[in-house]
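As provided, model_31.csv (CSV, C-alpha atoms) reads as follows.
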chain,number,residue,atom,x,y,z
T,1,MET,CA,-74.7,11.9,0.9
T,2,LYS,CA,-77.6,14.1,1.9
T,3,PHE,CA,-77.7,17.9,2.1
T,4,ASN,CA,-77.9,17.9,5.9
T,5,GLU,CA,-74.7,15.8,6.0
T,6,LEU,CA,-72.8,18.1,3.6
T,7,ALA,CA,-73.9,21.5,5.0
T,8,PRO,CA,-72.2,21.0,8.5
T,9,LEU,CA,-69.0,19.9,6.8
T,10,VAL,CA,-68.8,22.9,4.5
T,11,ARG,CA,-69.9,25.4,7.1
T,12,PRO,CA,-66.4,26.1,8.6
T,13,CYS,CA,-65.2,27.1,5.1
T,14,PHE,CA,-67.3,30.3,5.1
T,15,SER,CA,-66.6,33.5,7.1
T,16,HIS,CA,-67.7,33.7,10.7
T,17,GLU,CA,-70.5,36.0,9.8
T,18,ILE,CA,-72.1,33.3,7.6
T,19,SER,CA,-71.0,30.1,9.4
T,20,LYS,CA,-72.4,31.3,12.8
T,21,SER,CA,-75.9,30.8,11.3
T,22,LYS,CA,-77.3,27.6,9.9
T,23,ALA,CA,-79.8,29.7,7.7
T,24,LYS,CA,-77.0,31.9,6.3
T,25,THR,CA,-74.8,28.9,5.6
T,26,VAL,CA,-77.6,27.3,3.5
T,27,LYS,CA,-78.4,30.5,1.7
T,28,GLU,CA,-74.7,31.1,0.9
T,29,MET,CA,-74.3,27.5,-0.4
T,30,PHE,CA,-77.1,27.9,-2.9
T,31,LYS,CA,-76.1,31.5,-3.8
T,32,LEU,CA,-72.6,30.3,-4.7
T,33,ILE,CA,-73.7,27.2,-6.7
T,34,THR,CA,-76.2,29.1,-8.9
T,35,ASP,CA,-75.9,32.0,-11.4
T,36,TYR,CA,-78.8,34.3,-10.6
T,37,GLY,CA,-78.2,37.9,-11.2
T,38,PRO,CA,-78.8,40.7,-8.6
T,39,ASP,CA,-82.0,41.8,-10.4
T,40,GLU,CA,-83.5,38.3,-10.7
T,41,GLU,CA,-85.7,36.5,-8.2
T,42,GLN,CA,-83.5,34.2,-6.2
T,43,PRO,CA,-85.3,31.1,-5.0
T,44,TYR,CA,-83.0,30.8,-2.0
T,45,ASP,CA,-84.3,34.0,-0.5
T,46,LEU,CA,-86.4,32.2,2.1
T,47,ALA,CA,-87.4,32.5,5.7
T,48,GLU,CA,-84.7,31.6,8.2
T,49,VAL,CA,-86.8,28.9,9.7
T,50,THR,CA,-87.1,27.2,6.2
T,51,LEU,CA,-83.4,27.5,5.5
T,52,ARG,CA,-82.6,26.2,9.0
T,53,ASN,CA,-84.9,23.2,8.3
T,54,TYR,CA,-82.9,22.4,5.2
T,55,PHE,CA,-79.7,22.4,7.2
T,56,ASN,CA,-81.1,20.2,9.9
T,57,LYS,CA,-83.3,17.8,7.9
T,58,GLY,CA,-81.9,18.0,4.4
T,59,ASN,CA,-85.2,17.8,2.4
T,60,ILE,CA,-84.3,20.3,-0.3
T,61,SER,CA,-86.5,18.9,-3.1
T,62,ASP,CA,-88.6,22.1,-3.7
T,63,LEU,CA,-85.6,24.4,-3.8
T,64,ALA,CA,-83.5,21.9,-5.8
T,65,SER,CA,-86.2,21.7,-8.5
T,66,LYS,CA,-86.2,25.5,-8.8
T,67,VAL,CA,-82.4,26.0,-9.1
T,68,TRP,CA,-81.5,22.9,-11.1
T,69,LYS,CA,-81.3,24.7,-14.5
T,70,ARG,CA,-79.2,27.5,-13.0
T,71,ILE,CA,-76.4,25.5,-11.6
T,72,ASN,CA,-72.9,27.0,-11.9
T,73,ARG,CA,-70.1,25.5,-10.0
T,74,THR,CA,-67.4,28.2,-10.4
T,75,GLU,CA,-68.1,30.4,-7.4
T,76,PHE,CA,-68.8,27.6,-4.9
T,77,GLU,CA,-65.6,25.8,-5.9
T,78,GLU,CA,-63.5,29.0,-5.8
T,79,THR,CA,-64.9,29.8,-2.3
T,80,LEU,CA,-63.8,26.5,-1.0
T,81,LYS,CA,-60.4,26.8,-2.5
T,82,MET,CA,-60.0,30.1,-0.7
T,83,ALA,CA,-60.8,28.5,2.7
T,84,SER,CA,-58.0,28.0,5.2
T,85,GLU,CA,-55.8,25.0,5.0
T,86,ASP,CA,-57.2,23.7,8.3
T,87,ALA,CA,-60.8,24.0,7.0
T,88,ARG,CA,-60.0,22.3,3.7
T,89,THR,CA,-58.0,19.5,5.5
T,90,ALA,CA,-60.9,18.9,7.9
T,91,LEU,CA,-63.4,18.9,5.1
T,92,ALA,CA,-61.3,16.4,3.1
T,93,ASN,CA,-60.9,14.1,6.1
T,94,SER,CA,-64.6,14.2,6.8
T,95,ILE,CA,-65.5,13.3,3.2
T,96,LYS,CA,-62.9,10.4,3.3
T,97,GLU,CA,-64.1,9.1,6.7
T,98,GLY,CA,-67.7,9.2,5.6
T,99,ASN,CA,-66.9,7.3,2.4
T,100,TYR,CA,-68.8,9.9,0.5
T,101,THR,CA,-66.7,9.6,-2.7
T,102,THR,CA,-64.4,7.2,-4.5
T,103,LYS,CA,-62.2,10.0,-5.8
T,104,ARG,CA,-58.9,11.0,-4.3
T,105,VAL,CA,-59.6,13.9,-1.9
T,106,ASP,CA,-57.2,16.0,0.1
T,107,ARG,CA,-57.0,19.7,0.8
T,108,GLY,CA,-55.8,20.4,-2.7
T,109,THR,CA,-58.7,18.6,-4.4
T,110,VAL,CA,-61.5,18.9,-1.9
T,111,ALA,CA,-63.0,22.0,-3.4
T,112,HIS,CA,-63.5,20.3,-6.8
T,113,VAL,CA,-64.7,17.0,-5.2
T,114,CYS,CA,-67.0,18.7,-2.8
T,115,THR,CA,-68.6,20.8,-5.6
T,116,ASP,CA,-69.3,17.6,-7.5
T,117,ILE,CA,-71.0,16.1,-4.4
T,118,PHE,CA,-73.1,19.2,-3.9
T,119,ILE,CA,-74.3,19.3,-7.5
T,120,GLU,CA,-75.1,15.6,-7.3
T,121,ILE,CA,-77.1,16.1,-4.1
T,122,ILE,CA,-79.1,18.9,-5.9
T,123,ALA,CA,-79.6,16.6,-9.0
T,124,GLU,CA,-81.0,13.8,-6.9
T,125,ALA,CA,-83.3,16.1,-4.9
T,126,ALA,CA,-84.5,17.7,-8.2
T,127,GLY,CA,-85.3,14.2,-9.6
T,128,GLN,CA,-82.7,14.5,-12.4
T,129,ILE,CA,-80.9,11.3,-11.4
T,130,SER,CA,-81.8,8.3,-9.2
T,131,ILE,CA,-79.7,7.3,-6.3
T,132,LYS,CA,-79.0,3.9,-7.9
T,133,ASN,CA,-78.1,5.4,-11.3
T,134,LYS,CA,-75.5,8.1,-10.6
T,135,LYS,CA,-73.6,7.2,-13.8
T,136,SER,CA,-76.3,9.1,-15.7
T,137,PHE,CA,-75.4,12.3,-13.9
T,138,PRO,CA,-75.0,15.0,-16.6
T,139,VAL,CA,-73.3,17.8,-14.8
T,140,THR,CA,-70.1,16.5,-13.3
T,141,LYS,CA,-68.8,15.5,-16.7
T,142,GLU,CA,-68.7,18.8,-18.5
T,143,SER,CA,-68.4,19.1,-22.2
T,144,LYS,CA,-64.8,19.6,-23.3
T,145,ILE,CA,-63.5,22.8,-24.7
T,146,ASP,CA,-62.8,22.9,-28.5
T,147,ILE,CA,-59.5,24.8,-29.0
T,148,ARG,CA,-59.3,24.7,-32.8
T,149,THR,CA,-57.9,27.8,-34.4
T,150,GLY,CA,-60.7,30.3,-35.1
T,151,LYS,CA,-63.3,28.4,-33.1
T,152,HIS,CA,-63.4,31.0,-30.4
T,153,GLN,CA,-62.6,34.7,-30.1
T,154,SER,CA,-60.7,34.4,-26.8
T,155,ILE,CA,-59.3,31.4,-24.8
T,156,GLU,CA,-57.4,32.3,-21.7
T,157,TYR,CA,-56.2,30.5,-18.6
T,158,ILE,CA,-57.1,32.5,-15.4
T,159,LYS,CA,-54.6,31.3,-12.8
T,160,ASP,CA,-56.1,32.7,-9.7
T,161,LYS,CA,-59.4,31.0,-10.5
T,162,ASN,CA,-57.9,27.9,-12.1
T,163,VAL,CA,-60.3,28.2,-15.1
T,164,ILE,CA,-60.1,28.4,-18.8
T,165,ARG,CA,-62.2,31.4,-19.9
T,166,VAL,CA,-63.7,30.9,-23.4
T,167,ASP,CA,-65.4,34.0,-24.7
T,168,GLY,CA,-66.2,35.1,-21.2
T,169,VAL,CA,-67.4,31.7,-20.0
T,170,ASP,CA,-65.3,30.0,-17.3
T,171,HIS,CA,-64.5,26.3,-17.5
T,172,PRO,CA,-63.0,25.0,-14.2
T,173,ILE,CA,-60.1,22.6,-14.7
T,174,SER,CA,-59.0,19.8,-12.4
T,175,PRO,CA,-56.8,20.8,-9.4
T,176,GLU,CA,-55.0,17.5,-9.7
T,177,LEU,CA,-51.3,17.8,-8.7
T,178,SER,CA,-51.8,21.5,-7.9
T,179,ALA,CA,-50.4,23.1,-4.7
T,180,GLY,CA,-47.7,20.5,-4.4
T,181,ASN,CA,-50.2,17.6,-4.0
T,182,SER,CA,-48.3,15.2,-6.1
T,183,ASP,CA,-48.4,11.5,-5.5
T,184,VAL,CA,-45.8,10.7,-8.3
T,185,ALA,CA,-43.8,7.6,-7.5
T,186,THR,CA,-40.1,8.1,-6.5
T,187,ASP,CA,-38.7,5.7,-9.2
T,188,LEU,CA,-39.9,7.6,-12.2
T,189,PRO,CA,-37.3,7.7,-15.0
T,190,TYR,CA,-36.9,11.4,-14.9
T,191,LYS,CA,-35.8,11.1,-11.2
T,192,ASN,CA,-33.3,8.4,-12.0
T,193,ALA,CA,-31.9,10.5,-14.8
T,194,LEU,CA,-31.4,13.3,-12.3
T,195,TYR,CA,-29.7,11.0,-9.8
T,196,GLU,CA,-27.3,10.0,-12.6
T,197,ILE,CA,-26.3,13.6,-13.0
T,198,TYR,CA,-25.7,14.0,-9.3
T,199,SER,CA,-23.7,10.8,-9.1
T,200,ILE,CA,-21.3,11.8,-11.8
T,201,ARG,CA,-21.0,15.3,-10.4
T,202,LEU,CA,-20.3,14.2,-6.8
T,203,GLY,CA,-18.4,11.0,-7.6
T,204,LYS,CA,-20.6,8.8,-5.5
T,205,LYS,CA,-23.9,7.0,-6.0
T,206,ILE,CA,-26.9,9.2,-5.4
T,207,SER,CA,-30.4,7.8,-5.1
T,208,ASN,CA,-33.8,8.7,-3.6
T,209,GLU,CA,-32.7,7.0,-0.4
T,210,ASN,CA,-29.6,9.1,0.3
T,211,LEU,CA,-30.1,12.3,-1.7
T,212,SER,CA,-31.0,14.5,1.3
T,213,GLY,CA,-28.2,13.0,3.5
T,214,GLU,CA,-25.3,12.6,1.0
T,215,ALA,CA,-25.8,15.5,-1.4
T,216,PRO,CA,-25.0,19.1,-0.7
T,217,ARG,CA,-27.7,21.7,-0.2
T,218,ASN,CA,-27.4,23.1,-3.7
T,219,ILE,CA,-28.0,19.7,-5.3
T,220,VAL,CA,-31.0,19.0,-3.1
T,221,HIS,CA,-32.4,22.4,-4.0
T,222,HIS,CA,-31.8,21.7,-7.7
T,223,PHE,CA,-33.6,18.4,-7.4
T,224,GLN,CA,-36.6,20.1,-5.7
T,225,ARG,CA,-36.8,22.7,-8.5
T,226,GLN,CA,-36.8,20.0,-11.1
T,227,GLN,CA,-39.6,18.2,-9.2
T,228,ARG,CA,-41.7,21.4,-9.2
T,229,ASP,CA,-41.2,21.8,-12.9
T,230,PHE,CA,-42.1,18.2,-13.5
T,231,ASN,CA,-45.2,18.5,-11.3
T,232,ASP,CA,-46.3,21.7,-13.2
T,233,ALA,CA,-46.0,19.8,-16.5
T,234,ALA,CA,-47.8,16.8,-15.1
T,235,TRP,CA,-50.6,19.0,-13.8
T,236,TYR,CA,-50.8,20.6,-17.3
T,237,GLU,CA,-51.1,17.2,-18.9
T,238,ARG,CA,-53.5,15.6,-16.4
T,239,SER,CA,-55.8,18.4,-15.7
T,240,LEU,CA,-56.3,19.5,-19.4
T,241,ARG,CA,-57.0,15.9,-20.5
T,242,ASP,CA,-60.5,16.2,-18.9
T,243,THR,CA,-61.1,19.7,-20.1
T,244,VAL,CA,-59.9,20.0,-23.7
T,245,ALA,CA,-61.2,18.1,-26.7
T,246,ASP,CA,-58.6,16.0,-28.7
T,247,PHE,CA,-56.1,16.6,-25.9
T,248,ASP,CA,-54.0,13.5,-26.3
T,249,ASN,CA,-53.3,14.2,-29.9
T,250,GLN,CA,-52.7,17.9,-29.3
T,251,PHE,CA,-50.4,17.2,-26.4
T,252,GLY,CA,-48.4,14.7,-28.5
T,253,LEU,CA,-47.9,17.4,-31.1
T,254,LEU,CA,-46.8,19.8,-28.3
T,255,LYS,CA,-44.1,17.3,-27.1
T,256,LYS,CA,-43.0,16.6,-30.6
T,257,ASP,CA,-42.6,20.3,-31.3
T,258,ALA,CA,-40.6,20.7,-28.0
T,259,TYR,CA,-38.4,17.7,-28.8
T,260,ASP,CA,-37.7,18.9,-32.3
T,261,GLY,CA,-36.7,22.3,-30.8
T,262,ILE,CA,-34.3,20.9,-28.2
T,263,GLU,CA,-32.9,17.9,-30.1
T,264,GLU,CA,-29.8,19.7,-31.5
T,265,THR,CA,-29.0,21.2,-28.1
T,266,TYR,CA,-29.4,17.8,-26.4
T,267,TYR,CA,-27.0,16.0,-28.7
T,268,ASN,CA,-24.3,18.7,-28.4
T,269,ASP,CA,-21.1,16.7,-28.0
T,270,GLU,CA,-19.4,19.6,-26.3
T,271,TYR,CA,-21.1,18.8,-23.0
T,272,GLY,CA,-19.5,15.4,-22.8
T,273,ASN,CA,-20.9,13.6,-19.7
T,274,ASN,CA,-21.7,16.9,-17.9
T,275,GLY,CA,-25.4,16.1,-17.5
T,276,MET,CA,-26.0,19.2,-15.4
T,277,LYS,CA,-24.9,21.5,-18.2
T,278,ARG,CA,-26.8,19.5,-20.8
T,279,LEU,CA,-30.0,19.7,-18.8
T,280,ARG,CA,-29.5,23.4,-18.1
T,281,GLU,CA,-28.8,24.2,-21.8
T,282,VAL,CA,-31.8,22.2,-23.0
T,283,GLN,CA,-34.1,23.9,-20.5
T,284,ASP,CA,-32.8,27.3,-21.4
T,285,LYS,CA,-33.5,26.4,-25.1
T,286,ILE,CA,-37.0,25.1,-24.5
T,287,ILE,CA,-38.3,28.3,-22.9
T,288,THR,CA,-37.3,30.2,-26.1
T,289,ILE,CA,-39.4,27.9,-28.4
T,290,ALA,CA,-42.8,29.1,-29.5
T,291,LEU,CA,-44.3,25.6,-29.4
T,292,ASP,CA,-47.1,26.5,-31.9
T,293,LEU,CA,-47.5,23.2,-33.7
T,294,SER,CA,-50.3,22.2,-31.3
T,295,ASN,CA,-53.6,23.9,-31.0
T,296,LEU,CA,-52.9,24.1,-27.2
T,297,LYS,CA,-51.1,27.3,-28.2
T,298,ASN,CA,-54.6,28.9,-28.4
T,299,ILE,CA,-54.9,28.9,-24.6
T,300,ASP,CA,-53.2,32.0,-23.5
T,301,ASN,CA,-51.2,32.3,-20.2
T,302,ILE,CA,-51.0,28.6,-19.3
T,303,LEU,CA,-47.8,27.3,-20.9
T,304,SER,CA,-45.4,28.8,-18.4
T,305,ASN,CA,-41.6,28.5,-18.5
T,306,ASN,CA,-41.8,26.1,-15.6
T,307,ILE,CA,-44.2,23.9,-17.5
T,308,LYS,CA,-41.9,24.0,-20.6
T,309,LYS,CA,-38.9,23.0,-18.4
T,310,GLY,CA,-41.0,20.2,-17.0
T,311,LEU,CA,-41.7,18.9,-20.5
T,312,CYS,CA,-38.1,17.9,-20.6
T,313,HIS,CA,-38.7,15.5,-17.7
T,314,LEU,CA,-41.8,14.2,-19.4
T,315,MET,CA,-39.7,13.4,-22.4
T,316,VAL,CA,-37.4,11.3,-20.1
T,317,ASN,CA,-40.4,9.4,-18.8
T,318,ASP,CA,-41.5,8.8,-22.4
T,319,ARG,CA,-38.0,7.6,-23.3
T,320,TRP,CA,-37.5,10.3,-25.9
T,321,ILE,CA,-34.6,11.3,-23.7
T,322,LYS,CA,-32.8,8.4,-22.1
T,323,SER,CA,-30.0,10.1,-20.2
T,324,TRP,CA,-28.6,13.6,-19.5
T,325,VAL,CA,-25.1,12.1,-19.1
T,326,ASP,CA,-24.7,9.4,-21.7
T,327,ILE,CA,-26.5,10.5,-24.8
T,328,ASN,CA,-25.3,7.5,-26.8
T,329,GLY,CA,-26.3,4.8,-24.3
T,330,ASP,CA,-29.0,2.3,-24.7

Mind converting the file's structure to structure tokens?
Amino acid sequence: MKFNELAPLVRPCFSHEISKSKAKTVKEMFKLITDYGPDEEQPYDLAEVTLRNYFNKGNISDLASKVWKRINRTEFEETLKMASEDARTALANSIKEGNYTTKRVDRGTVAHVCTDIFIEIIAEAAGQISIKNKKSFPVTKESKIDIRTGKHQSIEYIKDKNVIRVDGVDHPISPELSAGNSDVATDLPYKNALYEIYSIRLGKKISNENLSGEAPRNIVHHFQRQQRDFNDAAWYERSLRDTVADFDNQFGLLKKDAYDGIEETYYNDEYGNNGMKRLREVQDKIITIALDLSNLKNIDNILSNNIKKGLCHLMVNDRWIKSWVDINGD
């Protein structure tokens, strides 16, 4: 993809004051993708005719060479995330139709994907990678965050920016599964375990095919809440895997800590085959657990109660929990 192909696609994501001008669009794109301070000379402060030429013809080699070492993806990606749903959907569709990426792209992920594409365009124009050897591209694969105790003074998740801030430096994390954009299959074990709860409660077989038609509204709403909790936990797992060093080991410790904390509640015989009560009591229990066995505890503000509840469903998928109804079954 060339710059003069990307710029027209991104243009509608900016305010009218910027998008009405090709020159302002180009200047804004480079302003957002770099980290120049207000008192520094900014290479994109160029004549309108030059900026307009970049928009129309795409030959950005000179400018790319100047800004390459000052690339910072955060503001560009956040600006695209703040664009309207229509603008993000149109951008995602254009990227897919043009076959500009092999990554999954929709309105929830397009900001991240488009930022990768823009940085890659700059890298190629600056001579940092060849068109035939994009695997050598050094920027889209950022170094992972080390969350070992005492390694950093401050590690915090900033929700509105979807970044982990380490000692004042922002590290964007993947938007995968965020904003309800889950492609999780309908036959995952955690869903079947929920259908078993509803079947016992209602006295008739409930499945993915008849849930909305056969189950009362309160059951459908309960299922939707559990889906949201599961998706939050799945987002936590998938997005941090590419961001945090030693994640799989640390996430395994987190799940073990969670299971050890809820095991006694799960095996409480008083609940009998009342799976709804067992699930509710287990989720009430898990939100009270500190879960400090894993170093993931060092990231402040990210492990929400919804994610903790969703961990219960991940345990079902992992077969640590086999049923909310029959705790002694195979």

Separation of CA of Leu293 in chain T and CA of Leu311 in chain T, in Å?
15.0 Å

Pick out the closest residue to Asn218 in chain T from this set: T:Met82, T:Ser239, T:Cys13, T:Leu202. Count all atoms listed in the file.
T:Leu202

If we count only C-alpha atoms, what is near Phe14 in chain T at a cut-off of 10 Å, once residues fewer than 5 positions away on the same chain are taken out, given as an mmCIF file with C-alpha atoms, in the coordinates of the input?
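What follows is the written file part_8.cif:
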data_model
loop_
_atom_site.group_PDB
_atom_site.id
_atom_site.type_symbol
_atom_site.label_atom_id
_atom_site.label_comp_id
_atom_site.auth_asym_id
_atom_site.auth_seq_id
_atom_site.Cartn_x
_atom_site.Cartn_y
_atom_site.Cartn_z
ATOM 1 C CA SER T 19 -71.000 30.100 9.400
ATOM 2 C CA LYS T 20 -72.400 31.300 12.800
ATOM 3 C CA LYS T 24 -77.000 31.900 6.300
ATOM 4 C CA THR T 25 -74.800 28.900 5.600
ATOM 5 C CA GLU T 28 -74.700 31.100 0.900
ATOM 6 C CA MET T 29 -74.300 27.500 -0.400
ATOM 7 C CA THR T 79 -64.900 29.800 -2.300
ATOM 8 C CA LEU T 80 -63.800 26.500 -1.000
ATOM 9 C CA MET T 82 -60.000 30.100 -0.700
ATOM 10 C CA ALA T 83 -60.800 28.500 2.700
ATOM 11 C CA SER T 84 -58.000 28.000 5.200
ATOM 12 C CA ALA T 87 -60.800 24.000 7.000
#

Taking 5 positions as the minimum chain separation for residues in the same chain, which residues sit within 10 Å of Ile219 in chain T when counting only C-alpha atoms? Answer as a list in words.
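Here the answer would be Tyr195, Ile197, Tyr198, Arg201, Leu202, Leu211, Ser212, Glu214, Gln224 and Arg225 of chain T.
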
So that I have them on file, write out the residues from the current selection with C-alpha atoms, as a compact mmCIF listing (two decimals), in the coordinates of the input.
# COMPACT_ATOMS: atom_id res chain seq x y z
CA TYR T 195 -29.70 11.00 -9.80
CA ILE T 197 -26.30 13.60 -13.00
CA TYR T 198 -25.70 14.00 -9.30
CA ARG T 201 -21.00 15.30 -10.40
CA LEU T 202 -20.30 14.20 -6.80
CA LEU T 211 -30.10 12.30 -1.70
CA SER T 212 -31.00 14.50 1.30
CA GLU T 214 -25.30 12.60 1.00
CA GLN T 224 -36.60 20.10 -5.70
CA ARG T 225 -36.80 22.70 -8.50

Taking into account only C-alpha atoms, which residue in the set T:Leu51, T:Pro43, T:Ala90, T:Trp235 is nearest to Val10 in chain T?
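Comparing T:Leu51, T:Pro43, T:Ala90, T:Trp235 against Val10 in chain T, the winner is T:Ala90.
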
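Using all atoms listed in the file, the shortest contact distance between Thr101 in chain T and any of T:Asp86, T:Asp260, T:Glu120, T:Asp318 is found at T:Glu120.
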
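Residues within 10 Å of Asn56 in chain T, counting all atoms listed in the file and excluding same-chain residues fewer than 2 positions away, are Phe3, Asn4, Glu5, Ala7, Pro8, Lys22, Ala23, Thr50, Leu51, Arg52, Asn53, Tyr54, Gly58 and Asn59 of chain T.
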
Selected residue, from T:Asn72, T:Ser65, T:Asn317, T:Asn328, that lies nearest to Tyr36 in chain T when counting all atoms listed in the file:
T:Asn72

Across T:Asp229, T:Glu270, T:Glu196, T:Glu85, the smallest distance to Gly108 in chain T, with only C-alpha atoms counted, is shown by T:Glu85

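With all atoms listed in the file as the atoms that count, the residue of T:Leu254, T:Met276, T:Ile321, T:Val105 with the shortest distance to Leu291 in chain T is T:Leu254.
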
8 Å contact set for Asp242 in chain T, all atoms listed in the file, chain neighbours under 3 positions out, as a PyMOL selection string
chain T and resi 144+173-174+238-239

Can I get the selected residues back with C-alpha atoms, as a compact mmCIF listing (two decimals), in the coordinates of the input?
# COMPACT_ATOMS: atom_id res chain seq x y z
CA LYS T 144 -64.80 19.60 -23.30
CA ILE T 173 -60.10 22.60 -14.70
CA SER T 174 -59.00 19.80 -12.40
CA ARG T 238 -53.50 15.60 -16.40
CA SER T 239 -55.80 18.40 -15.70

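Relative to CA of Val110 in chain T, CA of Glu78 in chain T is found at 11.0 Å.
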
So that I can check the surroundings of Ser94 in chain T, please list as a PyMOL selection string every protein, DNA and RNA residue that reaches within 10 Å of it, counting all atoms listed in the file and ignoring chain neighbours fewer than 4 positions away.
chain T and resi 6+9-10+88-90+98-100

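Picture a line from CA of Ile71 in chain T to CA of Leu296 in chain T; it runs 28.2 Å.
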
Residue rebuild result range 74-96 of chain T, N, CA and C atoms as a compact mmCIF listing (two decimals), keeping the file's coordinate frame:
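The resulting file, out_31.txt, is shown below:
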# COMPACT_ATOMS: atom_id res chain seq x y z
N THR T 74 -68.68 27.41 -10.48
CA THR T 74 -67.40 28.20 -10.40
C THR T 74 -67.26 28.86 -9.02
N GLU T 75 -68.25 29.66 -8.59
CA GLU T 75 -68.10 30.40 -7.40
C GLU T 75 -68.04 29.56 -6.12
N PHE T 76 -68.83 28.50 -6.08
CA PHE T 76 -68.80 27.60 -4.90
C PHE T 76 -67.43 26.96 -4.81
N GLU T 77 -66.92 26.44 -5.92
CA GLU T 77 -65.60 25.80 -5.90
C GLU T 77 -64.50 26.77 -5.53
N GLU T 78 -64.55 27.98 -6.08
CA GLU T 78 -63.50 29.00 -5.80
C GLU T 78 -63.56 29.38 -4.31
N THR T 79 -64.74 29.48 -3.73
CA THR T 79 -64.90 29.80 -2.30
C THR T 79 -64.22 28.78 -1.43
N LEU T 80 -64.45 27.53 -1.74
CA LEU T 80 -63.80 26.50 -1.00
C LEU T 80 -62.31 26.46 -1.12
N LYS T 81 -61.85 26.78 -2.33
CA LYS T 81 -60.40 26.80 -2.50
C LYS T 81 -59.75 27.94 -1.70
N MET T 82 -60.50 29.00 -1.43
CA MET T 82 -60.00 30.10 -0.70
C MET T 82 -60.07 29.92 0.84
N ALA T 83 -60.70 28.83 1.28
CA ALA T 83 -60.80 28.50 2.70
C ALA T 83 -59.42 28.23 3.26
N SER T 84 -59.29 28.31 4.57
CA SER T 84 -58.00 28.00 5.20
C SER T 84 -57.57 26.61 4.99
N GLU T 85 -56.27 26.36 5.13
CA GLU T 85 -55.80 25.00 5.00
C GLU T 85 -56.40 24.07 5.99
N ASP T 86 -56.56 24.55 7.22
CA ASP T 86 -57.20 23.70 8.30
C ASP T 86 -58.60 23.33 7.89
N ALA T 87 -59.36 24.31 7.38
CA ALA T 87 -60.80 24.00 7.00
C ALA T 87 -60.84 23.05 5.86
N ARG T 88 -59.96 23.22 4.86
CA ARG T 88 -60.00 22.30 3.70
C ARG T 88 -59.51 20.90 4.10
N THR T 89 -58.52 20.84 4.99
CA THR T 89 -58.00 19.50 5.50
C THR T 89 -59.13 18.81 6.24
N ALA T 90 -59.81 19.54 7.12
CA ALA T 90 -60.90 18.90 7.90
C ALA T 90 -62.03 18.46 7.01
N LEU T 91 -62.36 19.26 6.00
CA LEU T 91 -63.40 18.90 5.10
C LEU T 91 -63.03 17.63 4.29
N ALA T 92 -61.80 17.59 3.82
CA ALA T 92 -61.30 16.40 3.10
C ALA T 92 -61.35 15.16 3.95
N ASN T 93 -60.90 15.30 5.18
CA ASN T 93 -60.90 14.10 6.10
C ASN T 93 -62.29 13.64 6.38
N SER T 94 -63.23 14.57 6.55
CA SER T 94 -64.60 14.20 6.80
C SER T 94 -65.23 13.44 5.64
N ILE T 95 -64.92 13.91 4.43
CA ILE T 95 -65.50 13.30 3.20
C ILE T 95 -64.87 11.85 3.08
N LYS T 96 -63.57 11.73 3.37
CA LYS T 96 -62.90 10.40 3.30
C LYS T 96 -63.49 9.47 4.36
